[in-house]
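Enquirer: What follows is entry.pdb; its format and atoms are PDB, C-alpha atoms and all ligand atoms.
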ATOM      1  CA  MET A 119     -34.631   2.107  16.898  1.00  0.00           C
ATOM      2  CA  THR A 120     -37.679   2.525  14.706  1.00  0.00           C
ATOM      3  CA  LEU A 121     -35.431   1.402  11.866  1.00  0.00           C
ATOM      4  CA  PHE A 122     -35.443  -2.086  13.259  1.00  0.00           C
ATOM      5  CA  ARG A 123     -38.269  -4.497  12.729  1.00  0.00           C
ATOM      6  CA  LYS A 124     -39.700  -6.536  15.534  1.00  0.00           C
ATOM      7  CA  LYS A 125     -37.395  -9.530  15.310  1.00  0.00           C
ATOM      8  CA  ALA A 126     -34.371  -7.268  15.247  1.00  0.00           C
ATOM      9  CA  LEU A 127     -35.689  -5.221  18.100  1.00  0.00           C
ATOM     10  CA  VAL A 128     -36.095  -8.282  20.298  1.00  0.00           C
ATOM     11  CA  TRP A 129     -32.567  -9.335  19.447  1.00  0.00           C
ATOM     12  CA  ILE A 130     -31.111  -5.917  20.050  1.00  0.00           C
ATOM     13  CA  ARG A 131     -32.835  -5.618  23.447  1.00  0.00           C
ATOM     14  CA  ALA A 132     -31.430  -8.966  24.465  1.00  0.00           C
ATOM     15  CA  LYS A 133     -27.963  -7.889  23.365  1.00  0.00           C
ATOM     16  CA  ALA A 134     -28.094  -4.296  24.540  1.00  0.00           C
ATOM     17  CA  SER A 135     -25.873  -4.801  27.555  1.00  0.00           C
ATOM     18  CA  SER A 136     -23.104  -6.511  25.591  1.00  0.00           C
ATOM     19  CA  ILE A 137     -22.917  -3.928  22.809  1.00  0.00           C
ATOM     20  CA  LEU A 138     -20.062  -1.570  23.393  1.00  0.00           C
ATOM     21  CA  SER A 139     -20.108   0.845  20.497  1.00  0.00           C
ATOM     22  CA  TRP A 140     -21.784   1.732  17.240  1.00  0.00           C
ATOM     23  CA  ASN A 141     -19.164  -0.275  15.338  1.00  0.00           C
ATOM     24  CA  ASP A 142     -19.722  -3.206  17.574  1.00  0.00           C
ATOM     25  CA  LEU A 143     -23.464  -2.946  16.977  1.00  0.00           C
ATOM     26  CA  CYS A 144     -22.957  -2.846  13.220  1.00  0.00           C
ATOM     27  CA  THR A 145     -20.713  -5.888  13.368  1.00  0.00           C
ATOM     28  CA  GLN A 146     -23.146  -7.847  15.467  1.00  0.00           C
ATOM     29  CA  ILE A 147     -26.075  -6.925  13.263  1.00  0.00           C
ATOM     30  CA  LYS A 148     -24.157  -7.999  10.186  1.00  0.00           C
ATOM     31  CA  ASP A 149     -23.184 -11.298  11.747  1.00  0.00           C
ATOM     32  CA  VAL A 150     -26.769 -12.140  12.611  1.00  0.00           C
ATOM     33  CA  PHE A 151     -28.869 -10.654   9.842  1.00  0.00           C
ATOM     34  CA  SER A 152     -26.900 -10.363   6.640  1.00  0.00           C
ATOM     35  CA  PRO A 153     -27.942 -13.286   4.470  1.00  0.00           C
ATOM     36  CA  ILE A 154     -25.422 -16.096   4.234  1.00  0.00           C
ATOM     37  CA  SER A 155     -25.523 -15.882   0.441  1.00  0.00           C
ATOM     38  CA  GLU A 156     -24.512 -12.231   0.565  1.00  0.00           C
ATOM     39  CA  GLN A 157     -21.603 -12.994   2.842  1.00  0.00           C
ATOM     40  CA  GLN A 158     -20.602 -15.916   0.684  1.00  0.00           C
ATOM     41  CA  ALA A 159     -20.659 -13.731  -2.416  1.00  0.00           C
ATOM     42  CA  ALA A 160     -18.467 -11.158  -0.694  1.00  0.00           C
ATOM     43  CA  ARG A 161     -16.080 -13.873   0.461  1.00  0.00           C
ATOM     44  CA  ASP A 162     -15.818 -15.275  -3.076  1.00  0.00           C
ATOM     45  CA  ARG A 163     -15.148 -11.837  -4.508  1.00  0.00           C
ATOM     46  CA  LEU A 164     -12.560 -11.182  -1.832  1.00  0.00           C
ATOM     47  CA  ASP A 165     -10.806 -14.474  -2.617  1.00  0.00           C
ATOM     48  CA  ALA A 166     -10.619 -13.575  -6.293  1.00  0.00           C
ATOM     49  CA  LEU A 167      -9.609  -9.968  -5.656  1.00  0.00           C
ATOM     50  CA  LYS A 168      -6.038  -8.851  -6.248  1.00  0.00           C
ATOM     51  CA  GLN A 169      -4.259  -5.663  -7.155  1.00  0.00           C
ATOM     52  CA  THR A 170      -4.250  -5.223 -10.927  1.00  0.00           C
ATOM     53  CA  ASN A 171      -4.352  -1.452 -11.124  1.00  0.00           C
ATOM     54  CA  SER A 172      -3.656   1.198  -8.486  1.00  0.00           C
ATOM     55  CA  VAL A 173      -3.379   0.309  -4.820  1.00  0.00           C
ATOM     56  CA  ASN A 174      -6.052   2.898  -4.146  1.00  0.00           C
ATOM     57  CA  THR A 175      -8.686   1.141  -6.267  1.00  0.00           C
ATOM     58  CA  PHE A 176      -7.721  -2.218  -4.855  1.00  0.00           C
ATOM     59  CA  ALA A 177      -7.734  -1.021  -1.241  1.00  0.00           C
ATOM     60  CA  SER A 178     -11.217   0.520  -1.474  1.00  0.00           C
ATOM     61  CA  GLU A 179     -12.638  -2.675  -2.936  1.00  0.00           C
ATOM     62  CA  PHE A 180     -10.830  -4.743  -0.307  1.00  0.00           C
ATOM     63  CA  ARG A 181     -12.276  -2.554   2.434  1.00  0.00           C
ATOM     64  CA  ARG A 182     -15.780  -2.649   0.988  1.00  0.00           C
ATOM     65  CA  LEU A 183     -15.783  -6.453   0.804  1.00  0.00           C
ATOM     66  CA  THR A 184     -14.286  -7.033   4.247  1.00  0.00           C
ATOM     67  CA  LEU A 185     -16.938  -4.771   5.770  1.00  0.00           C
ATOM     68  CA  LEU A 186     -19.591  -7.136   4.432  1.00  0.00           C
ATOM     69  CA  LEU A 187     -18.013 -10.029   6.311  1.00  0.00           C
ATOM     70  CA  PRO A 188     -17.825 -10.825  10.007  1.00  0.00           C
ATOM     71  CA  LYS A 189     -14.835  -9.024  11.397  1.00  0.00           C
ATOM     72  CA  LEU A 190     -11.529 -10.825  10.862  1.00  0.00           C
ATOM     73  CA  PRO A 191      -8.639 -10.561  13.324  1.00  0.00           C
ATOM     74  CA  GLU A 192      -6.396  -7.627  12.360  1.00  0.00           C
ATOM     75  CA  GLN A 193      -3.328  -9.767  11.553  1.00  0.00           C
ATOM     76  CA  GLU A 194      -5.372 -11.978   9.261  1.00  0.00           C
ATOM     77  CA  LEU A 195      -6.814  -8.932   7.532  1.00  0.00           C
ATOM     78  CA  ILE A 196      -3.340  -7.472   6.992  1.00  0.00           C
ATOM     79  CA  ASP A 197      -2.043 -10.786   5.705  1.00  0.00           C
ATOM     80  CA  LYS A 198      -4.919 -11.150   3.219  1.00  0.00           C
ATOM     81  CA  PHE A 199      -4.395  -7.588   2.021  1.00  0.00           C
ATOM     82  CA  VAL A 200      -0.633  -7.821   1.549  1.00  0.00           C
ATOM     83  CA  ARG A 201      -0.745 -11.155  -0.272  1.00  0.00           C
ATOM     84  CA  LYS A 202      -3.020  -9.621  -2.886  1.00  0.00           C
ATOM     85  CA  LEU A 203      -0.722  -6.698  -3.626  1.00  0.00           C
ATOM     86  CA  LYS A 204       1.760  -6.660  -6.490  1.00  0.00           C
ATOM     87  CA  ILE A 205       4.987  -8.236  -5.260  1.00  0.00           C
ATOM     88  CA  PRO A 206       7.261  -5.142  -5.189  1.00  0.00           C
ATOM     89  CA  ILE A 207       4.642  -3.283  -3.142  1.00  0.00           C
ATOM     90  CA  ALA A 208       3.948  -6.268  -0.885  1.00  0.00           C
ATOM     91  CA  LYS A 209       7.679  -6.463  -0.106  1.00  0.00           C
ATOM     92  CA  GLU A 210       7.769  -2.859   1.068  1.00  0.00           C
ATOM     93  CA  VAL A 211       4.701  -3.343   3.238  1.00  0.00           C
ATOM     94  CA  TYR A 212       6.134  -6.502   4.843  1.00  0.00           C
ATOM     95  CA  LEU A 213       9.383  -4.668   5.585  1.00  0.00           C
ATOM     96  CA  ARG A 214       7.484  -2.008   7.495  1.00  0.00           C
ATOM     97  CA  ASP A 215       5.613  -4.593   9.560  1.00  0.00           C
ATOM     98  CA  PRO A 216       2.295  -2.732   9.906  1.00  0.00           C
ATOM     99  CA  GLN A 217       0.210  -3.428  13.009  1.00  0.00           C
ATOM    100  CA  THR A 218      -3.155  -2.391  11.612  1.00  0.00           C
ATOM    101  CA  ILE A 219      -4.898  -2.748   8.275  1.00  0.00           C
ATOM    102  CA  ASP A 220      -5.106   1.057   8.006  1.00  0.00           C
ATOM    103  CA  GLU A 221      -1.357   1.316   8.377  1.00  0.00           C
ATOM    104  CA  ALA A 222      -0.803  -1.439   5.786  1.00  0.00           C
ATOM    105  CA  MET A 223      -3.047   0.397   3.334  1.00  0.00           C
ATOM    106  CA  ARG A 224      -1.289   3.701   3.941  1.00  0.00           C
ATOM    107  CA  ILE A 225       2.135   2.188   3.299  1.00  0.00           C
ATOM    108  CA  ALA A 226       0.960   0.392   0.159  1.00  0.00           C
ATOM    109  CA  GLU A 227      -0.630   3.550  -1.240  1.00  0.00           C
ATOM    110  CA  ARG A 228       2.474   5.555  -0.518  1.00  0.00           C
ATOM    111  CA  VAL A 229       4.804   3.050  -2.189  1.00  0.00           C
ATOM    112  CA  ASP A 230       2.475   2.936  -5.173  1.00  0.00           C
ATOM    113  CA  MET A 231       2.372   6.720  -5.456  1.00  0.00           C
ATOM    114  CA  ILE A 232       6.148   7.008  -5.213  1.00  0.00           C
ATOM    115  CA  SER A 233       6.817   4.350  -7.820  1.00  0.00           C
ATOM    116  CA  TRP A 234       4.438   6.148 -10.188  1.00  0.00           C
ATOM    117  CA  ARG A 235       6.341   9.350  -9.659  1.00  0.00           C
ATOM    118  CA  LEU A 236       9.671   7.699 -10.340  1.00  0.00           C
ATOM    119  CA  ARG A 237       8.217   6.149 -13.478  1.00  0.00           C
ATOM    120  CA  ASP A 238       7.319   9.620 -14.729  1.00  0.00           C
ATOM    121  CA  HIS A 239      10.953  10.615 -14.557  1.00  0.00           C
ATOM    122  CA  SER A 240      12.383   7.573 -16.217  1.00  0.00           C
ATOM    123  CA  SER A 241      10.497   6.156 -19.142  1.00  0.00           C
ATOM    124  CA  ASN A 242      12.926   3.327 -19.918  1.00  0.00           C
ATOM    125  CA  GLN A 243      13.157   1.582 -16.621  1.00  0.00           C
ATOM    126  CA  LEU A 244      11.671   1.744 -13.176  1.00  0.00           C
ATOM    127  CA  PRO A 245      14.483   2.268 -10.672  1.00  0.00           C
ATOM    128  CA  PRO A 246      14.661  -0.485  -8.099  1.00  0.00           C
ATOM    129  CA  MET A 247      12.389   0.276  -5.159  1.00  0.00           C
ATOM    130  CA  ASN A 248      14.736   1.466  -2.509  1.00  0.00           C
ATOM    131  CA  PRO A 249      13.221   1.808   0.966  1.00  0.00           C
ATOM    132  CA  ARG A 250      15.558   4.713   1.627  1.00  0.00           C
ATOM    133  CA  ILE A 251      13.981   6.609  -1.242  1.00  0.00           C
ATOM    134  CA  ALA A 252      10.466   5.296  -0.781  1.00  0.00           C
ATOM    135  CA  PHE A 253      10.314   6.534   2.783  1.00  0.00           C
ATOM    136  CA  ALA A 254      12.574   9.530   2.373  1.00  0.00           C
ATOM    137  CA  ASN A 255      10.259  11.691   4.451  1.00  0.00           C
ATOM    138  CA  ASP A 256      10.049   9.185   7.239  1.00  0.00           C
ATOM    139  CA  GLN A 257      12.357  10.169  10.040  1.00  0.00           C
ATOM    140  CA  SER A 258      12.846   6.623  11.237  1.00  0.00           C
ATOM    141  CA  VAL A 259      14.858   5.890   8.093  1.00  0.00           C
ATOM    142  CA  PRO A 260      17.861   8.154   7.585  1.00  0.00           C
ATOM    143  CA  MET A 261      18.106   9.580   4.098  1.00  0.00           C
ATOM    144  CA  ASP A 262      21.621   9.495   2.857  1.00  0.00           C
ATOM    145  CA  ILE A 263      21.480   9.842  -0.891  1.00  0.00           C
ATOM    146  CA  SER A 264      24.215  12.483  -0.786  1.00  0.00           C
ATOM    147  CA  ALA A 265      26.751   9.906   0.392  1.00  0.00           C
ATOM    148  CA  ILE A 266      26.472   8.201  -2.982  1.00  0.00           C
ATOM    149  CA  GLN A 267      27.342  11.381  -4.827  1.00  0.00           C
ATOM    150  CA  THR A 268      30.307  12.586  -2.791  1.00  0.00           C
ATOM    151  CA  LYS A 269      32.808  10.342  -4.532  1.00  0.00           C
ATOM    152  CA  ARG A 270      33.924  11.746  -7.890  1.00  0.00           C
ATOM    153  CA  LEU A 271      33.344   9.654 -10.967  1.00  0.00           C
ATOM    154  CA  THR A 272      36.437   8.151 -12.508  1.00  0.00           C
ATOM    155  CA  ASP A 273      36.852   8.562 -16.279  1.00  0.00           C
ATOM    156  CA  LYS A 274      36.113   4.898 -16.663  1.00  0.00           C
ATOM    157  CA  GLU A 275      32.856   5.099 -14.685  1.00  0.00           C
ATOM    158  CA  ARG A 276      31.859   8.175 -16.609  1.00  0.00           C
ATOM    159  CA  ALA A 277      32.508   6.505 -19.949  1.00  0.00           C
ATOM    160  CA  TYR A 278      30.607   3.438 -18.806  1.00  0.00           C
ATOM    161  CA  LEU A 279      27.574   5.517 -17.803  1.00  0.00           C
ATOM    162  CA  LEU A 280      27.637   7.493 -21.050  1.00  0.00           C
ATOM    163  CA  ALA A 281      27.821   4.278 -23.056  1.00  0.00           C
ATOM    164  CA  ASN A 282      24.851   2.842 -21.179  1.00  0.00           C
ATOM    165  CA  GLN A 283      22.464   5.831 -21.246  1.00  0.00           C
ATOM    166  CA  GLY A 284      23.326   6.385 -17.627  1.00  0.00           C
ATOM    167  CA  CYS A 285      22.773   9.417 -15.442  1.00  0.00           C
ATOM    168  CA  LEU A 286      25.943  11.083 -14.175  1.00  0.00           C
ATOM    169  CA  TYR A 287      24.159  12.215 -11.045  1.00  0.00           C
ATOM    170  CA  CYS A 288      22.446   9.138  -9.606  1.00  0.00           C
ATOM    171  CA  ARG A 289      24.732   6.851 -11.629  1.00  0.00           C
ATOM    172  CA  LYS A 290      22.014   4.491 -12.729  1.00  0.00           C
ATOM    173  CA  THR A 291      22.491   2.926 -16.157  1.00  0.00           C
ATOM    174  CA  GLN A 292      19.570   3.112 -18.621  1.00  0.00           C
ATOM    175  CA  ALA A 293      18.334   5.955 -16.453  1.00  0.00           C
ATOM    176  CA  GLY A 294      16.089   7.564 -19.056  1.00  0.00           C
ATOM    177  CA  HIS A 295      17.083  11.033 -17.880  1.00  0.00           C
ATOM    178  CA  PHE A 296      20.141  13.291 -17.750  1.00  0.00           C
ATOM    179  CA  ALA A 297      21.908  14.539 -14.646  1.00  0.00           C
ATOM    180  CA  ARG A 298      20.267  17.974 -14.943  1.00  0.00           C
ATOM    181  CA  ASN A 299      16.768  16.524 -14.550  1.00  0.00           C
ATOM    182  CA  CYS A 300      17.676  13.559 -12.395  1.00  0.00           C
ATOM    183  CA  PRO A 301      14.775  12.836  -9.970  1.00  0.00           C
ATOM    184  CA  ASP A 302      17.278  12.218  -7.160  1.00  0.00           C
ATOM    185  CA  LYS A 303      18.809  15.629  -7.731  1.00  0.00           C
ATOM    186  CA  LEU A 304      15.408  17.348  -7.952  1.00  0.00           C
ATOM    187  CA  ARG A 305      14.334  15.620  -4.780  1.00  0.00           C
ATOM    188  CA  LYS A 306      17.433  16.792  -2.971  1.00  0.00           C
ATOM    189  CA  ASN A 307      17.036  20.460  -3.971  1.00  0.00           C
TER     190      ASN A 307
HETATM  191 ZN    ZN B   1      19.663  10.337 -12.207  1.00  0.00          ZN
END
Take the structure in the file and give it back as structure tokens.
Ligand SMILES: [Zn+2]
Expert:
Amino acid sequence: MTLFRKKALVWIRAKASSILSWNDLCTQIKDVFSPISEQQAARDRLDALKQTNSVNTFASEFRRLTLLLPKLPEQELIDKFVRKLKIPIAKEVYLRDPQTIDEAMRIAERVDMISWRLRDHSSNQLPPMNPRIAFANDQSVPMDISAIQTKRLTDKERAYLLANQGCLYCRKTQAGHFARNCPDKLRKN
């Protein structure tokens, strides 16, 4: 309490009974004492903020700025966050319907990480983000990549894939890899 100057101490004594937790205290202190200009600056930066690089960098900045502001309702926070993501990532987050901002950030970071990994395997083209692949480890979504491979290729399909730099395993055209180092195959083994 010695950290607080007199004015703050008077305020905190008056509020003591309504403060429920350390977080609550921090929020209330911020609301009352952080200068309006500081909050306004944070709000302006938050408005201008969007994901241009990794989700990780964006999410830490988003978190830092929102902590400077009076606490927003969770749904509003999630909505602000998702709208500022790159569209393919935002889509995946919306599909998963997160209930907390932490969950939204986790999903976004995971999708980002997975799409980077897929990009490593295929230099020509990023495979379409497929929720089945993106959340392959998530038990709520059955992984059924093998079903795609059970049907044998016809000669025509095979010729078509070969003519279009396709992969004979995952059967994507312009795959940028061969069947032997297909990321789908490596993931399965
Ligand atoms: Zn492949």
Enquirer: Got a sec to check which residues lie within 10 Å of ligand ZN 1 (chain B), using all atoms listed in the file, and send them as a PDB file with C-alpha atoms, in the frame of the given file?
Expert:
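Generated output (part.pdb):
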ATOM      1  CA  HIS A 239      10.953  10.615 -14.557  1.00  0.00           C
ATOM      2  CA  SER A 240      12.383   7.573 -16.217  1.00  0.00           C
ATOM      3  CA  PRO A 245      14.483   2.268 -10.672  1.00  0.00           C
ATOM      4  CA  GLY A 284      23.326   6.385 -17.627  1.00  0.00           C
ATOM      5  CA  CYS A 285      22.773   9.417 -15.442  1.00  0.00           C
ATOM      6  CA  LEU A 286      25.943  11.083 -14.175  1.00  0.00           C
ATOM      7  CA  TYR A 287      24.159  12.215 -11.045  1.00  0.00           C
ATOM      8  CA  CYS A 288      22.446   9.138  -9.606  1.00  0.00           C
ATOM      9  CA  ARG A 289      24.732   6.851 -11.629  1.00  0.00           C
ATOM     10  CA  LYS A 290      22.014   4.491 -12.729  1.00  0.00           C
ATOM     11  CA  THR A 291      22.491   2.926 -16.157  1.00  0.00           C
ATOM     12  CA  GLN A 292      19.570   3.112 -18.621  1.00  0.00           C
ATOM     13  CA  ALA A 293      18.334   5.955 -16.453  1.00  0.00           C
ATOM     14  CA  GLY A 294      16.089   7.564 -19.056  1.00  0.00           C
ATOM     15  CA  HIS A 295      17.083  11.033 -17.880  1.00  0.00           C
ATOM     16  CA  PHE A 296      20.141  13.291 -17.750  1.00  0.00           C
ATOM     17  CA  ALA A 297      21.908  14.539 -14.646  1.00  0.00           C
ATOM     18  CA  ARG A 298      20.267  17.974 -14.943  1.00  0.00           C
ATOM     19  CA  ASN A 299      16.768  16.524 -14.550  1.00  0.00           C
ATOM     20  CA  CYS A 300      17.676  13.559 -12.395  1.00  0.00           C
ATOM     21  CA  PRO A 301      14.775  12.836  -9.970  1.00  0.00           C
ATOM     22  CA  ASP A 302      17.278  12.218  -7.160  1.00  0.00           C
ATOM     23  CA  LYS A 303      18.809  15.629  -7.731  1.00  0.00           C
ATOM     24  CA  LEU A 304      15.408  17.348  -7.952  1.00  0.00           C
TER      25      LEU A 304
END
Enquirer: Pick out the closest residue to Lys209 of chain A from this set: A:Ser155, A:Asp162, A:Leu195, A:Ala226. Count only C-alpha atoms.
Expert: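 Ranked by minimum distance to Lys209 of chain A, first place goes to A:Ala226.
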Enquirer: Calculated over all atoms listed in the file, which of the candidates A:Arg131, A:Lys306, A:Lys198, A:Arg235 has the smallest distance to Leu164 of chain A?
Expert: A:Lys198
Enquirer: When you count only C-alpha atoms, which of these residues is closest to Asn141 of chain A: A:Val211, A:Leu279, A:Leu203, A:Leu185?
Expert: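 Using only C-alpha atoms, the shortest distance to Asn141 of chain A belongs to A:Leu185.
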Enquirer: Quick one: pull the distance between atom CA of Leu213 of chain A and atom CA of Val229 of chain A, Å, one decimal.
Expert: 11.9 Å
Enquirer: Would you please work out which residue, of A:Lys269, A:Lys168, A:Arg163, A:Arg237, is nearest to Ala208 of chain A when using all atoms listed in the file?
Expert: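 Residue with the minimum atom-to-atom distance to Ala208 of chain A: A:Lys168.
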Enquirer: So the first atom is atom CA of Pro191 of chain A and the second is atom CA of Lys204 of chain A; what is the distance between them in Å, to one decimal place?
Expert: 22.7 Å
Enquirer: Report as a list in words the residues that result from applying the PyMOL selection byres (((chain A and resi 165) around 12) and not hetatm) to the structure here.
Expert: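 On this input, the PyMOL selection byres (((chain A and resi 165) around 12) and not hetatm) captures Gln158, Ala159, Ala160, Arg161, Asp162, Arg163, Leu164, Ala166, Leu167, Lys168, Gln169, Glu179, Phe180, Leu183, Thr184, Lys198, Phe199, Arg201 and Lys202 of chain A.
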Enquirer: Give me, please, the distance in Å between atom CA of Ala177 of chain A and atom CA of Glu210 of chain A, quoted to one decimal.
Expert: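 Straight-line distance from atom CA of Ala177 of chain A to atom CA of Glu210 of chain A works out to 15.8 Å.
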Enquirer: What would the selection look like, as a list in words, if the PyMOL selection byres (((chain A and resi 218) around 9) and not hetatm) were run on the coordinates I just shared?
Expert: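 Given this file, the PyMOL selection byres (((chain A and resi 218) around 9) and not hetatm) evaluates to Glu192, Gln193, Leu195, Ile196, Pro216, Gln217, Ile219, Asp220, Glu221, Ala222 and Met223 of chain A.
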Enquirer: Contacts of Arg228 of chain A at 10 Å or less, counting all atoms listed in the file, minus same-chain residues fewer than 3 places along, as JSON, numbers by chain?
Expert: {"A": [173, 174, 207, 211, 222, 223, 224, 225, 231, 232, 233, 234, 252, 253]}
Enquirer: Out of A:Ser172, A:Asp142, A:Glu227, A:Leu280, which residue has the shortest atom-to-atom distance to Lys189 of chain A when counting all atoms listed in the file?
Expert: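 Closest to Lys189 of chain A of all the choices is A:Asp142.
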